[in-house]
Amino acid sequence: MKKYEFNRYIDHAVLKPELTQEEVRNAIQLGIDYKVKTVCVRPCDIDLAVDMCRGTETGVCCVLAFPHGTVPPEIKRAEAELYVARGVDEIDMVVNYGYIRSRLWNRVEEDIRAVSEITKPANVLLKVILETSQLNEEEIVRATECAVNAGADFVKTSTGFYGEGATVKAVEVMLKAAAGRIGVKASGESVLPNRQGCFWTWA
C-alpha cells in the first residue's frame with residue numbers, strides 16, 4: 001500500500017508583506033525541507049524561489065492581483081505573462097469578488113479568462129481565490145461555475161488576509177458546485193510553532 005504523503009498536497013505560502021529577504025529565504029527552505037508541493041511567494045520573490053527550488057521536489061507558485069483582486073483584467077493578464085516568463089509552476093489569482101457580489105458573471109469570467117489564456121498554453125496551474133468569507137452560498141456556487149467556464153484548474157477559499165479562512169461549509173459548497181470538473185483548495189494557518197509567515201493550503 002502506497003504511503004499517503006500529505007506534504008505533497010500542501011502549498012506553503014510565504015506572503016506576509018513585512019517579511020525580510022532572510023525570512024523569505026528561511027520560509028522557502030522550510031517548504032523545501034518538508035517537500036511540499038509548492039512554495040507560494042510574493043511576486044517580488046519569484047526569482048529567489050525559482051532559484052532555491054530548482055532541482056528539488058518543491059515547485060513555485062506566486063500570487064496575482066493579491067490580496068484584493070481589483071485590478072483590471074488587462075493588468076492580471078500582464079502579471080500572468082510576466083510570472084510565467086519568470087518560471088513559476090502555478091499561479092494563485094484573486095478574482096474580483098466585488099464583481100461576484102454584484103452578480104456580474106460575464107465580468108467574473110472575463111477576469112479569470114484573462115489569466116487562464118496565459119497559463120493554459122504554458123502548462124501553468126491556475127487557482128482562483130474566491131475569498132469565500134465575503135460571499136454567500138449562491139455566490140460561491142456561481143463563482144465556481146465561472147471558474148470552470150473560464151478554464152481555471154482550481155478554486156480556492158481565501159487569501160488569509162481578509163475575513164476568515166476556509167470553513168467546512170464553504171468547502172462543501174465548492175466541492176458540490178465543482179462536481180469533479182475543477183479542483184478545490186482550502187486555506188488554513190500553519191500549526192507549526194515559531195514559523196513566521198507560514199500559511200498552508202491543501203487540496
# chains A, B, ... in the order shown; residues from 1 in each chain; ligands from 1
$ residues_around --residues "range 45-55 of chain A" --least-positions-apart "6" --cutoff "9 Å" --atoms "only C-alpha atoms" --output "JSON, numbers by chain"
{"A": [21, 24, 25, 28, 29, 32, 38, 39, 61, 62, 83, 86, 87, 88]}
$ select_by_dssp --residues "range 59-142 of chain A" --states "strand (DSSP E or B)" --output "ChimeraX atom specification"
/A:59-64,90-94,125-129
$ closest_residue --among "A:Lys16, A:Asp11, A:Asp89, A:Lys169" --to "Leu30 in chain A" --atoms "only C-alpha atoms"
A:Asp11
$ closest_atom_pairs --of "range 95-120 of chain A" --to "range 132-136 of chain A" --cutoff "12 Å" --atoms "only C-alpha atoms" --output "CSV"
residue,atom,partner,partner_atom,distance
A:Val95,CA,A:Thr132,CA,11.0
A:Asn96,CA,A:Gln134,CA,11.4
A:Tyr97,CA,A:Gln134,CA,7.9
A:Gly98,CA,A:Gln134,CA,9.1
A:Tyr99,CA,A:Leu135,CA,11.0
A:Ile100,CA,A:Leu135,CA,8.0
A:Arg101,CA,A:Leu135,CA,6.9
A:Ser102,CA,A:Leu135,CA,10.7
A:Arg103,CA,A:Leu135,CA,11.0
$ write_last_selection --atoms "N, CA, C and O atoms" --output "PDB file, in the first residue's frame"
ATOM      1  N   VAL A  95      -9.775  36.629  -7.692  1.00  0.00           N
ATOM      2  CA  VAL A  95     -10.822  37.113  -8.570  1.00  0.00           C
ATOM      3  C   VAL A  95     -11.412  38.393  -7.984  1.00  0.00           C
ATOM      4  O   VAL A  95     -11.300  38.649  -6.781  1.00  0.00           O
ATOM      5  N   ASN A  96     -12.027  39.172  -8.830  1.00  0.00           N
ATOM      6  CA  ASN A  96     -12.703  40.385  -8.356  1.00  0.00           C
ATOM      7  C   ASN A  96     -14.013  39.975  -7.680  1.00  0.00           C
ATOM      8  O   ASN A  96     -15.050  39.813  -8.332  1.00  0.00           O
ATOM      9  N   TYR A  97     -13.964  39.763  -6.358  1.00  0.00           N
ATOM     10  CA  TYR A  97     -15.160  39.268  -5.684  1.00  0.00           C
ATOM     11  C   TYR A  97     -16.201  40.359  -5.473  1.00  0.00           C
ATOM     12  O   TYR A  97     -17.348  40.069  -5.128  1.00  0.00           O
ATOM     13  N   GLY A  98     -15.831  41.602  -5.724  1.00  0.00           N
ATOM     14  CA  GLY A  98     -16.847  42.659  -5.802  1.00  0.00           C
ATOM     15  C   GLY A  98     -17.752  42.433  -6.999  1.00  0.00           C
ATOM     16  O   GLY A  98     -18.965  42.672  -6.945  1.00  0.00           O
ATOM     17  N   TYR A  99     -17.179  41.953  -8.117  1.00  0.00           N
ATOM     18  CA  TYR A  99     -17.981  41.585  -9.284  1.00  0.00           C
ATOM     19  C   TYR A  99     -18.904  40.416  -8.952  1.00  0.00           C
ATOM     20  O   TYR A  99     -20.047  40.373  -9.412  1.00  0.00           O
ATOM     21  N   ILE A 100     -18.382  39.452  -8.163  1.00  0.00           N
ATOM     22  CA  ILE A 100     -19.217  38.313  -7.778  1.00  0.00           C
ATOM     23  C   ILE A 100     -20.418  38.807  -6.970  1.00  0.00           C
ATOM     24  O   ILE A 100     -21.566  38.431  -7.232  1.00  0.00           O
ATOM     25  N   ARG A 101     -20.166  39.670  -5.991  1.00  0.00           N
ATOM     26  CA  ARG A 101     -21.245  40.176  -5.152  1.00  0.00           C
ATOM     27  C   ARG A 101     -22.215  41.047  -5.944  1.00  0.00           C
ATOM     28  O   ARG A 101     -23.372  41.193  -5.571  1.00  0.00           O
ATOM     29  N   SER A 102     -21.730  41.629  -7.050  1.00  0.00           N
ATOM     30  CA  SER A 102     -22.589  42.438  -7.930  1.00  0.00           C
ATOM     31  C   SER A 102     -23.314  41.580  -8.959  1.00  0.00           C
ATOM     32  O   SER A 102     -24.099  42.102  -9.750  1.00  0.00           O
ATOM     33  N   ARG A 103     -23.005  40.277  -8.967  1.00  0.00           N
ATOM     34  CA  ARG A 103     -23.604  39.324  -9.909  1.00  0.00           C
ATOM     35  C   ARG A 103     -23.294  39.684 -11.352  1.00  0.00           C
ATOM     36  O   ARG A 103     -24.114  39.478 -12.263  1.00  0.00           O
TER      37      ARG A 103
END
$ closest_residue --among "A:Thr159, A:Ser116, A:Thr144, A:Asn149" --to "Cys40 in chain A" --atoms "only C-alpha atoms"
A:Thr159
$ residues_around --residues "Tyr34 in chain A" --least-positions-apart "5" --cutoff "12 Å" --atoms "only C-alpha atoms" --output "NGL selection string"
:A and (5-12 or 27-29 or 39 or 56-58 or 192)
$ write_last_selection --atoms "N, CA and C atoms" --output "tab-separated table (two decimals), in the first residue's frame"
chain	number	residue	atom	x	y	z
A	5	GLU	N	1.25	10.73	1.38
A	5	GLU	CA	2.20	11.82	1.58
A	5	GLU	C	1.45	13.14	1.63
A	6	PHE	N	1.01	13.51	2.81
A	6	PHE	CA	0.20	14.71	3.00
A	6	PHE	C	0.93	15.96	2.53
A	7	ASN	N	2.25	15.98	2.71
A	7	ASN	CA	3.02	17.16	2.33
A	7	ASN	C	2.91	17.48	0.84
A	8	ARG	N	2.64	16.46	0.01
A	8	ARG	CA	2.57	16.68	-1.42
A	8	ARG	C	1.26	17.34	-1.86
A	9	TYR	N	0.37	17.58	-0.90
A	9	TYR	CA	-0.88	18.27	-1.17
A	9	TYR	C	-0.87	19.70	-0.62
A	10	ILE	N	0.26	20.12	-0.08
A	10	ILE	CA	0.34	21.40	0.61
A	10	ILE	C	1.05	22.45	-0.23
A	11	ASP	N	0.45	23.64	-0.30
A	11	ASP	CA	1.14	24.84	-0.79
A	11	ASP	C	1.55	25.64	0.43
A	12	HIS	N	2.82	25.91	0.55
A	12	HIS	CA	3.37	26.62	1.71
A	12	HIS	C	3.52	28.09	1.33
A	27	ALA	N	11.81	30.69	5.04
A	27	ALA	CA	10.48	30.10	4.86
A	27	ALA	C	10.43	29.20	3.62
A	28	ILE	N	11.07	29.65	2.55
A	28	ILE	CA	11.14	28.82	1.34
A	28	ILE	C	11.89	27.53	1.64
A	29	GLN	N	13.00	27.66	2.36
A	29	GLN	CA	13.78	26.47	2.70
A	29	GLN	C	12.98	25.49	3.54
A	39	VAL	N	5.98	26.22	-2.87
A	39	VAL	CA	6.04	27.41	-2.01
A	39	VAL	C	5.32	28.50	-2.79
A	56	THR	N	14.69	20.48	-6.76
A	56	THR	CA	14.06	19.90	-5.57
A	56	THR	C	12.70	19.32	-5.95
A	57	GLU	N	12.01	18.77	-4.98
A	57	GLU	CA	10.66	18.24	-5.22
A	57	GLU	C	9.58	19.30	-5.04
A	58	THR	N	9.99	20.51	-4.75
A	58	THR	CA	9.06	21.61	-4.47
A	58	THR	C	9.01	22.59	-5.63
A	192	LEU	N	2.53	24.82	12.82
A	192	LEU	CA	3.91	24.64	13.24
A	192	LEU	C	4.33	25.80	14.15
$ closest_residue --among "A:Lys127, A:Ala85, A:Pro73, A:Glu79" --to "Arg107 in chain A" --atoms "only C-alpha atoms"
A:Pro73
$ decode --residues "range 27-160 of chain A" --atoms "C-alpha atoms" --output "compact mmCIF listing (two decimals), in the first residue's frame"
# COMPACT_ATOMS: atom_id res chain seq x y z
CA ALA A 27 10.48 30.10 4.86
CA ILE A 28 11.14 28.82 1.34
CA GLN A 29 13.78 26.47 2.70
CA LEU A 30 11.26 25.17 5.23
CA GLY A 31 8.92 24.27 2.37
CA ILE A 32 11.74 22.55 0.52
CA ASP A 33 12.75 20.62 3.65
CA TYR A 34 9.18 19.37 4.09
CA LYS A 35 8.96 18.60 0.36
CA VAL A 36 5.67 20.44 -0.01
CA LYS A 37 4.01 20.65 -3.42
CA THR A 38 4.85 24.35 -3.84
CA VAL A 39 6.04 27.41 -2.01
CA CYS A 40 3.64 30.25 -2.80
CA VAL A 41 5.52 33.55 -2.80
CA ARG A 42 5.08 37.25 -3.36
CA PRO A 43 5.81 38.32 -6.96
CA CYS A 44 8.97 40.11 -5.83
CA ASP A 45 10.34 36.77 -4.55
CA ILE A 46 9.76 34.66 -7.67
CA ASP A 47 13.38 34.71 -8.82
CA LEU A 48 14.65 33.70 -5.37
CA ALA A 49 12.07 30.90 -5.08
CA VAL A 50 12.77 29.54 -8.57
CA ASP A 51 16.48 29.52 -7.85
CA MET A 52 16.10 27.81 -4.46
CA CYS A 53 13.56 25.23 -5.64
CA ARG A 54 15.42 24.23 -8.79
CA GLY A 55 16.27 20.53 -8.63
CA THR A 56 14.06 19.90 -5.57
CA GLU A 57 10.66 18.24 -5.22
CA THR A 58 9.06 21.61 -4.47
CA GLY A 59 7.63 23.85 -7.18
CA VAL A 60 7.00 27.59 -7.20
CA CYS A 61 3.61 29.29 -7.04
CA CYS A 62 3.01 33.03 -6.90
CA VAL A 63 0.03 35.23 -6.16
CA LEU A 64 -1.56 37.55 -8.70
CA ALA A 65 -3.70 40.65 -8.03
CA PHE A 66 -3.18 39.86 -4.37
CA PRO A 67 -4.83 40.31 -1.93
CA HIS A 68 -7.86 42.27 -3.21
CA GLY A 69 -8.26 41.21 -6.85
CA THR A 70 -9.50 44.60 -8.01
CA VAL A 71 -7.05 45.41 -10.81
CA PRO A 72 -8.48 45.26 -14.37
CA PRO A 73 -8.24 42.01 -16.37
CA GLU A 74 -5.63 43.58 -18.65
CA ILE A 75 -3.33 44.05 -15.66
CA LYS A 76 -3.96 40.49 -14.49
CA ARG A 77 -3.06 39.22 -17.96
CA ALA A 78 0.16 41.22 -17.95
CA GLU A 79 1.03 39.91 -14.49
CA ALA A 80 0.43 36.34 -15.67
CA GLU A 81 2.66 36.84 -18.70
CA LEU A 82 5.47 38.16 -16.51
CA TYR A 83 5.21 35.44 -13.87
CA VAL A 84 5.06 32.64 -16.44
CA ALA A 85 8.15 34.08 -18.10
CA ARG A 86 9.89 34.10 -14.71
CA GLY A 87 9.35 30.35 -14.40
CA VAL A 88 6.52 29.77 -11.93
CA ASP A 89 4.72 26.42 -11.92
CA GLU A 90 1.42 27.70 -10.52
CA ILE A 91 -0.45 30.99 -10.12
CA ASP A 92 -2.99 31.87 -7.41
CA MET A 93 -5.10 34.76 -8.68
CA VAL A 94 -7.61 36.71 -6.63
CA VAL A 95 -10.82 37.11 -8.57
CA ASN A 96 -12.70 40.39 -8.36
CA TYR A 97 -15.16 39.27 -5.68
CA GLY A 98 -16.85 42.66 -5.80
CA TYR A 99 -17.98 41.59 -9.28
CA ILE A 100 -19.22 38.31 -7.78
CA ARG A 101 -21.25 40.18 -5.15
CA SER A 102 -22.59 42.44 -7.93
CA ARG A 103 -23.60 39.32 -9.91
CA LEU A 104 -21.64 40.50 -12.93
CA TRP A 105 -20.97 36.94 -14.07
CA ASN A 106 -19.66 37.85 -17.53
CA ARG A 107 -17.11 40.13 -15.94
CA VAL A 108 -16.12 37.45 -13.43
CA GLU A 109 -15.45 35.02 -16.28
CA GLU A 110 -13.58 37.69 -18.23
CA ASP A 111 -11.45 38.38 -15.16
CA ILE A 112 -10.44 34.72 -14.82
CA ARG A 113 -10.08 34.04 -18.53
CA ALA A 114 -7.60 36.90 -18.89
CA VAL A 115 -5.22 34.79 -16.80
CA SER A 116 -6.17 31.29 -17.96
CA GLU A 117 -5.48 32.25 -21.57
CA ILE A 118 -1.87 32.76 -20.49
CA THR A 119 -1.49 29.87 -18.06
CA LYS A 120 -3.13 27.11 -20.13
CA PRO A 121 -0.72 27.20 -23.11
CA ALA A 122 2.21 27.43 -20.69
CA ASN A 123 1.03 24.41 -18.66
CA VAL A 124 0.97 26.55 -15.52
CA LEU A 125 -1.68 25.60 -12.96
CA LEU A 126 -4.24 28.34 -12.21
CA LYS A 127 -6.04 28.57 -8.88
CA VAL A 128 -8.78 31.18 -8.41
CA ILE A 129 -9.16 32.62 -4.91
CA LEU A 130 -12.79 33.48 -4.19
CA GLU A 131 -12.48 34.99 -0.68
CA THR A 132 -15.45 32.89 0.43
CA SER A 133 -15.88 34.72 3.76
CA GLN A 134 -17.31 37.62 1.76
CA LEU A 135 -19.74 35.51 -0.29
CA ASN A 136 -22.99 33.70 0.33
CA GLU A 137 -23.57 30.12 -0.81
CA GLU A 138 -25.22 31.06 -4.10
CA GLU A 139 -22.34 33.40 -4.94
CA ILE A 140 -19.80 30.69 -4.17
CA VAL A 141 -21.64 28.29 -6.47
CA ARG A 142 -21.88 30.79 -9.33
CA ALA A 143 -18.24 31.85 -8.89
CA THR A 144 -17.15 28.23 -9.08
CA GLU A 145 -19.14 27.85 -12.29
CA CYS A 146 -17.43 30.93 -13.69
CA ALA A 147 -14.01 29.46 -12.87
CA VAL A 148 -14.94 26.22 -14.65
CA ASN A 149 -16.22 28.10 -17.70
CA ALA A 150 -13.13 30.31 -17.83
CA GLY A 151 -10.69 27.40 -17.81
CA ALA A 152 -9.18 27.56 -14.32
CA ASP A 153 -7.74 24.44 -12.67
CA PHE A 154 -8.79 25.08 -9.05
CA VAL A 155 -11.00 27.28 -6.95
CA LYS A 156 -9.59 28.27 -3.57
CA THR A 157 -11.30 29.57 -0.46
CA SER A 158 -9.33 32.56 0.72
CA THR A 159 -6.27 34.79 0.77
CA GLY A 160 -5.75 34.65 4.53
